[in-house]
Amino acid sequence: MVTQDFTVQTKELIDNLKGVCTSYGLGNDGNEFKIITQVFLYKFMNDKFGYEVKHIDAKLKESDNWEQVIAGYSDNQYEMLLLQMNPDSAKLKREHYLSYLYNKQDGEEFAKLFDDTLRDIAIFNNDIFSVKTATGAKITLFDELSNYITDSSQRDNFCKAIINQLVNFSFEKIFSQKFDFFSTIFEYLIKDYNKDGGGKYAEYYTPHAVAKIMAAILVDGPVSNVTCNDPSAGSGTLLMNLAHAIGEDRCTIYSQDISQKSSSMLRLNLILNNLVHSIQNIIQGNTILAPYHKDGEKLKKFDFIVSNPPFKLDFSDYAADLDSKQNAERFFAGIPNIPKKDKDKMSIYLLFIQHIMYSLSSTGKAAIVVPTGFITAQSGIEKKIRERLVEKKMLRGVVSMPSNIFATTGTNVSILFLDKANTKGDIVLMDASKLGTTVKEGKNQKTVLSDEEEQLIINTFNQHKAVEDFTVVVSYDQIKEKNYSFSAGQYFEVKIEYTDITAEEFEAKMNGFKRNLASLFAESKTLEMEIQKQLNSLSYE
């Protein structure tokens, strides 16, 4: 009940912050996303700091006002307190506290103080919380948020309104909560800012059900000290589900995405989900053109890879740069052609699949969302990739999902599961297209899986069960015989029903067939004579 109450209160805080933005002319503005997420993050860090220091010094925990007690610390005492803090928590100076800003809000140039405070927090914690670009530049935590108000005379009031929304709410009681709580909050926080269609790579949002299924099938036993990667990470839904399935303290996250907005979302997601230690591995950059993560000169190999890559995208401006000797092995099946028209329909997902295959460790596993057409295409790059997966014995299975599982696209999707240790075969092909319930989401139809249906997919796949009209378990040789098709439906047995009857019953049925045929023959003869009569009549006229 406490968690439910806090979920409601947290959503109210987010709604109130959006209300402030709307009141100052920033509703649905492109900069509203930065303001909402960064203010939310500042509040989260402020409360997390209080939570942490209370566990270091009992005097602070016992006090009704820990900030008053900490104000009496000498500079040396305060520095010692910061040194004892969890390295994954933001370190704050006393003038960074929300209460300090609240008490200063009636002073002159409050907007400048607000911006300077956030900037100083970012600088003070730069080594821990900065996302890097592929060139090594650091993207700091906070922007100068008041500058998004074009009327400079309103900036002080805007910052006051923000501070006054934050001061009567505290996260402290829910820091013991885990993934499920914070994933719900994160999804609510970004729901208006994570739409398809924005930027060079659209920020594809993967439904929670799909992310959960991918993680639960990939992690079907305990693992530790593993690396996890998403080369098209977006806001990090897939990575968060994977890390939760493994255990946040038993894995290290690596990612790359061309979108700065997505990288900022992912950083926030990592902070909320106790994965701050991985922020240094979050890279903003083009994975296909310039993959960042390396061991020496070679691309880094990962234990787990998840991806929902963009399916179609114009990459004609750098396609020629990919066709080089250094990429010959990575893109073994080839580079998609540049069409004369509709360049935005270039199949970039085929490059991501090849990159992922190349980036798996010797025992690595991967789950990739692909258009369902990929699993049966009879030529081209698609066929070459499927042949390689079979020849190299690294296919674990495929789950074909229901139509409209993604509300924003009508493309039917399947999940491709790879496992470089699956050399013996025993491959699961599943047709889950008939599951789910159709609901309306905005103007779109969306298919929603129930918890029971999600678990049915996970359990059936992980138990390698063959279920009539649902799953088949096949070998690599059987897939070769079917021309490398990964579609479960092509392996389902055709059912022929047999009925035992007596000789007399058989003769009666055959006589019935003969009578029907004779009747049809007689009718056709009559019709033929009638047509001929009509033709003769016409010829005489």
# chains A, B, ... in the order shown; residues from 1 in each chain; ligands from 1
call {"tool": "closest_atom_pairs", "arguments": {"of": "segment 144-252 of chain A", "to": "segment 353-369 of chain A", "cutoff": "12 Å", "atoms": "only C-alpha atoms", "output": "CSV"}}
result
residue,atom,partner,partner_atom,distance
A:Tyr204,CA,A:Val369,CA,11.0
A:Tyr205,CA,A:Val369,CA,11.7
A:Thr206,CA,A:Val369,CA,9.2
A:Pro207,CA,A:Val369,CA,11.4
A:Val210,CA,A:Val369,CA,9.0
A:Ala211,CA,A:Ala367,CA,9.6
A:Lys212,CA,A:Ala367,CA,11.3
A:Ile213,CA,A:Ala367,CA,9.8
A:Met214,CA,A:Ala367,CA,6.1
A:Ala215,CA,A:Ala367,CA,8.2
A:Ala216,CA,A:Ala367,CA,10.6
A:Ile217,CA,A:Ala367,CA,8.7
A:Leu218,CA,A:Lys365,CA,6.7
A:Val219,CA,A:Lys365,CA,9.0
A:Asp220,CA,A:Lys365,CA,11.1
A:Val226,CA,A:Gly364,CA,9.9
A:Thr227,CA,A:Gly364,CA,9.6
A:Cys228,CA,A:Ala366,CA,9.5
A:Asn229,CA,A:Ser359,CA,9.3
A:Asp230,CA,A:Ile356,CA,8.9
A:Pro231,CA,A:Ile356,CA,7.9
A:Ser232,CA,A:Ile356,CA,10.5
A:Ala233,CA,A:Ile368,CA,11.8
A:Leu238,CA,A:Ala367,CA,9.7
A:Leu239,CA,A:Ala367,CA,11.1
A:Leu242,CA,A:Ala367,CA,10.4
call {"tool": "select_by_dssp", "arguments": {"residues": "segment 107-309 of chain A", "states": "helix (DSSP H, G or I)", "output": "PDB file with C-alpha atoms, in the first residue's frame"}}
result
ATOM      1  CA  PHE A 110      17.085  33.513  -8.178  1.00  0.00           C
ATOM      2  CA  ALA A 111      17.045  31.935 -11.652  1.00  0.00           C
ATOM      3  CA  LYS A 112      20.811  32.458 -11.886  1.00  0.00           C
ATOM      4  CA  LEU A 113      21.307  30.861  -8.465  1.00  0.00           C
ATOM      5  CA  PHE A 114      19.109  27.922  -9.531  1.00  0.00           C
ATOM      6  CA  ASP A 115      21.064  27.383 -12.779  1.00  0.00           C
ATOM      7  CA  ASP A 116      24.441  27.868 -11.095  1.00  0.00           C
ATOM      8  CA  THR A 117      23.508  25.293  -8.429  1.00  0.00           C
ATOM      9  CA  LEU A 118      22.586  22.625 -10.976  1.00  0.00           C
ATOM     10  CA  ARG A 119      25.691  23.377 -13.036  1.00  0.00           C
ATOM     11  CA  ASP A 120      27.914  23.096  -9.958  1.00  0.00           C
ATOM     12  CA  ILE A 121      26.346  19.750  -9.003  1.00  0.00           C
ATOM     13  CA  ALA A 122      27.094  18.498 -12.518  1.00  0.00           C
ATOM     14  CA  ILE A 123      30.721  19.652 -12.334  1.00  0.00           C
ATOM     15  CA  PHE A 124      31.161  18.270  -8.791  1.00  0.00           C
ATOM     16  CA  ASN A 126      31.232  14.945 -13.556  1.00  0.00           C
ATOM     17  CA  ASP A 127      33.386  11.814 -13.341  1.00  0.00           C
ATOM     18  CA  ILE A 128      30.469   9.634 -12.256  1.00  0.00           C
ATOM     19  CA  PHE A 129      27.408  10.960 -14.082  1.00  0.00           C
ATOM     20  CA  LEU A 145      17.045  25.366 -17.381  1.00  0.00           C
ATOM     21  CA  SER A 146      15.803  28.924 -16.817  1.00  0.00           C
ATOM     22  CA  ASN A 147      17.157  29.941 -20.237  1.00  0.00           C
ATOM     23  CA  TYR A 148      14.366  27.936 -21.863  1.00  0.00           C
ATOM     24  CA  SER A 152      13.813  36.836 -19.036  1.00  0.00           C
ATOM     25  CA  SER A 153      11.552  38.728 -16.607  1.00  0.00           C
ATOM     26  CA  GLN A 154       9.695  35.466 -15.885  1.00  0.00           C
ATOM     27  CA  ARG A 155      12.721  33.283 -15.201  1.00  0.00           C
ATOM     28  CA  ASP A 156      12.892  33.920 -11.429  1.00  0.00           C
ATOM     29  CA  ASN A 157       9.199  33.126 -11.019  1.00  0.00           C
ATOM     30  CA  PHE A 158       9.519  29.986 -13.128  1.00  0.00           C
ATOM     31  CA  CYS A 159      12.365  28.643 -10.967  1.00  0.00           C
ATOM     32  CA  LYS A 160      10.462  29.514  -7.782  1.00  0.00           C
ATOM     33  CA  ALA A 161       7.431  27.600  -9.061  1.00  0.00           C
ATOM     34  CA  ILE A 162       9.627  24.571  -9.765  1.00  0.00           C
ATOM     35  CA  ILE A 163      11.261  24.654  -6.312  1.00  0.00           C
ATOM     36  CA  ASN A 164       7.913  24.986  -4.561  1.00  0.00           C
ATOM     37  CA  GLN A 165       6.640  21.832  -6.282  1.00  0.00           C
ATOM     38  CA  LEU A 166       9.676  19.871  -5.063  1.00  0.00           C
ATOM     39  CA  GLU A 172      13.407   8.891   1.020  1.00  0.00           C
ATOM     40  CA  LYS A 173      10.874   6.236   2.031  1.00  0.00           C
ATOM     41  CA  ILE A 174      10.999   4.452  -1.327  1.00  0.00           C
ATOM     42  CA  PHE A 179      13.086  -2.291 -10.356  1.00  0.00           C
ATOM     43  CA  ASP A 180       9.312  -2.679 -10.682  1.00  0.00           C
ATOM     44  CA  PHE A 181       8.580   0.575  -8.850  1.00  0.00           C
ATOM     45  CA  PHE A 182      11.177   2.669 -10.637  1.00  0.00           C
ATOM     46  CA  SER A 183      10.433   1.196 -14.071  1.00  0.00           C
ATOM     47  CA  THR A 184       6.810   2.276 -13.658  1.00  0.00           C
ATOM     48  CA  ILE A 185       7.880   5.767 -12.597  1.00  0.00           C
ATOM     49  CA  PHE A 186      10.409   6.047 -15.413  1.00  0.00           C
ATOM     50  CA  GLU A 187       7.855   5.029 -18.037  1.00  0.00           C
ATOM     51  CA  TYR A 188       5.417   7.620 -16.682  1.00  0.00           C
ATOM     52  CA  LEU A 189       8.120  10.279 -16.588  1.00  0.00           C
ATOM     53  CA  ILE A 190       9.100   9.885 -20.248  1.00  0.00           C
ATOM     54  CA  HIS A 208       7.477  -3.781 -21.217  1.00  0.00           C
ATOM     55  CA  ALA A 209       6.014  -7.218 -22.056  1.00  0.00           C
ATOM     56  CA  VAL A 210       8.442  -7.700 -24.952  1.00  0.00           C
ATOM     57  CA  ALA A 211      11.399  -6.536 -22.842  1.00  0.00           C
ATOM     58  CA  LYS A 212      10.419  -8.874 -20.003  1.00  0.00           C
ATOM     59  CA  ILE A 213      10.077 -11.882 -22.344  1.00  0.00           C
ATOM     60  CA  MET A 214      13.459 -11.180 -23.952  1.00  0.00           C
ATOM     61  CA  ALA A 215      15.212 -10.921 -20.583  1.00  0.00           C
ATOM     62  CA  ALA A 216      13.522 -13.960 -19.022  1.00  0.00           C
ATOM     63  CA  ILE A 217      14.416 -16.193 -21.966  1.00  0.00           C
ATOM     64  CA  LEU A 218      17.992 -14.933 -22.184  1.00  0.00           C
ATOM     65  CA  THR A 237      13.980  -0.475 -21.449  1.00  0.00           C
ATOM     66  CA  LEU A 238      15.622  -3.659 -22.748  1.00  0.00           C
ATOM     67  CA  LEU A 239      18.823  -3.139 -20.772  1.00  0.00           C
ATOM     68  CA  MET A 240      16.977  -2.415 -17.524  1.00  0.00           C
ATOM     69  CA  ASN A 241      14.904  -5.597 -17.825  1.00  0.00           C
ATOM     70  CA  LEU A 242      18.023  -7.608 -18.641  1.00  0.00           C
ATOM     71  CA  ALA A 243      19.987  -6.149 -15.716  1.00  0.00           C
ATOM     72  CA  HIS A 244      17.089  -6.829 -13.373  1.00  0.00           C
ATOM     73  CA  ALA A 245      16.876 -10.466 -14.525  1.00  0.00           C
ATOM     74  CA  ILE A 246      20.629 -10.920 -13.951  1.00  0.00           C
ATOM     75  CA  GLU A 248      21.998  -5.115 -11.000  1.00  0.00           C
ATOM     76  CA  ASP A 249      25.120  -5.845  -8.941  1.00  0.00           C
ATOM     77  CA  ARG A 250      26.139  -8.810 -11.121  1.00  0.00           C
ATOM     78  CA  GLN A 260      21.398  12.598 -27.315  1.00  0.00           C
ATOM     79  CA  LYS A 261      17.855  12.567 -25.934  1.00  0.00           C
ATOM     80  CA  SER A 262      17.869   8.770 -25.692  1.00  0.00           C
ATOM     81  CA  SER A 263      21.269   8.791 -23.991  1.00  0.00           C
ATOM     82  CA  SER A 264      19.974  11.266 -21.399  1.00  0.00           C
ATOM     83  CA  MET A 265      16.924   9.064 -20.779  1.00  0.00           C
ATOM     84  CA  LEU A 266      19.138   6.012 -20.364  1.00  0.00           C
ATOM     85  CA  ARG A 267      21.371   7.831 -17.875  1.00  0.00           C
ATOM     86  CA  LEU A 268      18.305   8.718 -15.797  1.00  0.00           C
ATOM     87  CA  ASN A 269      17.121   5.107 -16.009  1.00  0.00           C
ATOM     88  CA  LEU A 270      20.481   3.837 -14.750  1.00  0.00           C
ATOM     89  CA  ILE A 271      20.470   6.287 -11.838  1.00  0.00           C
ATOM     90  CA  LEU A 272      16.970   5.238 -10.781  1.00  0.00           C
ATOM     91  CA  VAL A 276      25.275   4.288 -11.775  1.00  0.00           C
ATOM     92  CA  HIS A 277      28.514   2.292 -12.086  1.00  0.00           C
ATOM     93  CA  SER A 278      27.670   1.755 -15.778  1.00  0.00           C
ATOM     94  CA  ILE A 279      27.049   5.392 -16.775  1.00  0.00           C
ATOM     95  CA  GLN A 280      30.659   5.725 -17.934  1.00  0.00           C
ATOM     96  CA  ASN A 281      29.845   3.100 -20.603  1.00  0.00           C
TER      97      ASN A 281
END
call {"tool": "residues_around", "arguments": {"residues": "Ser450 of chain A", "least_positions_apart": "5", "cutoff": "9 Å", "atoms": "only C-alpha atoms", "output": "list in words"}}
result
Ala209, Leu435, Gly436, Thr437 and Gln455 of chain A
call {"tool": "write_last_selection", "arguments": {"atoms": "N, CA and C atoms", "output": "short mmCIF file (atom, residue, chain, number, x, y, z; two decimals), in the first residue's frame"}}
result
data_model
loop_
_atom_site.label_atom_id
_atom_site.label_comp_id
_atom_site.auth_asym_id
_atom_site.auth_seq_id
_atom_site.Cartn_x
_atom_site.Cartn_y
_atom_site.Cartn_z
N ALA A 209 6.22 -5.77 -21.92
CA ALA A 209 6.01 -7.22 -22.06
C ALA A 209 7.09 -7.85 -22.94
N LEU A 435 -1.96 -14.95 -29.48
CA LEU A 435 -2.14 -14.53 -28.08
C LEU A 435 -2.46 -13.04 -28.00
N GLY A 436 -2.88 -12.60 -26.81
CA GLY A 436 -3.08 -11.18 -26.57
C GLY A 436 -4.50 -10.71 -26.78
N THR A 437 -4.76 -9.51 -26.27
CA THR A 437 -6.06 -8.85 -26.39
C THR A 437 -5.86 -7.50 -27.05
N GLN A 455 4.01 -15.37 -19.25
CA GLN A 455 4.65 -16.50 -18.58
C GLN A 455 4.56 -17.77 -19.41
#
call {"tool": "atom_distance", "arguments": {"atom1": "atom CA of Ile479 of chain A", "atom2": "atom CA of Val390 of chain A"}}
result
7.8 Å
call {"tool": "select_by_dssp", "arguments": {"residues": "segment 330-417 of chain A", "states": "strand (DSSP E)", "output": "list in words"}}
result
Leu360, Ser361, Ser362, Thr363, Gly364, Lys365, Ala366, Ala367, Ile368, Val369, Val370, Pro371, Leu395, Arg396, Gly397, Val398, Val399, Ser400, Val413, Ser414, Ile415, Leu416 and Phe417 of chain A
call {"tool": "write_last_selection", "arguments": {"atoms": "C-alpha atoms", "output": "compact mmCIF listing (two decimals), in the first residue's frame"}}
result
# COMPACT_ATOMS: atom_id res chain seq x y z
CA LEU A 360 28.97 -11.81 -29.07
CA SER A 361 31.50 -13.51 -26.80
CA SER A 362 32.31 -17.19 -27.35
CA THR A 363 29.36 -18.16 -25.11
CA GLY A 364 27.32 -15.00 -25.73
CA LYS A 365 23.53 -14.74 -25.99
CA ALA A 366 21.40 -12.18 -27.78
CA ALA A 367 17.76 -11.25 -28.33
CA ILE A 368 16.86 -9.01 -31.27
CA VAL A 369 13.50 -7.62 -32.38
CA VAL A 370 13.15 -8.11 -36.16
CA PRO A 371 10.36 -7.68 -38.72
CA LEU A 395 20.52 -20.06 -33.13
CA ARG A 396 18.44 -20.71 -30.03
CA GLY A 397 15.01 -19.90 -31.37
CA VAL A 398 12.40 -17.42 -32.58
CA VAL A 399 9.17 -16.10 -31.06
CA SER A 400 6.73 -14.57 -33.55
CA VAL A 413 7.66 -8.51 -35.32
CA SER A 414 9.49 -11.58 -34.12
CA ILE A 415 12.20 -11.97 -31.49
CA LEU A 416 15.35 -13.68 -32.69
CA PHE A 417 17.29 -15.49 -29.93
call {"tool": "closest_residue", "arguments": {"among": "A:Tyr484, A:Phe470, A:Phe302, A:Phe175", "to": "Ile375 of chain A", "atoms": "only C-alpha atoms"}}
result
A:Tyr484
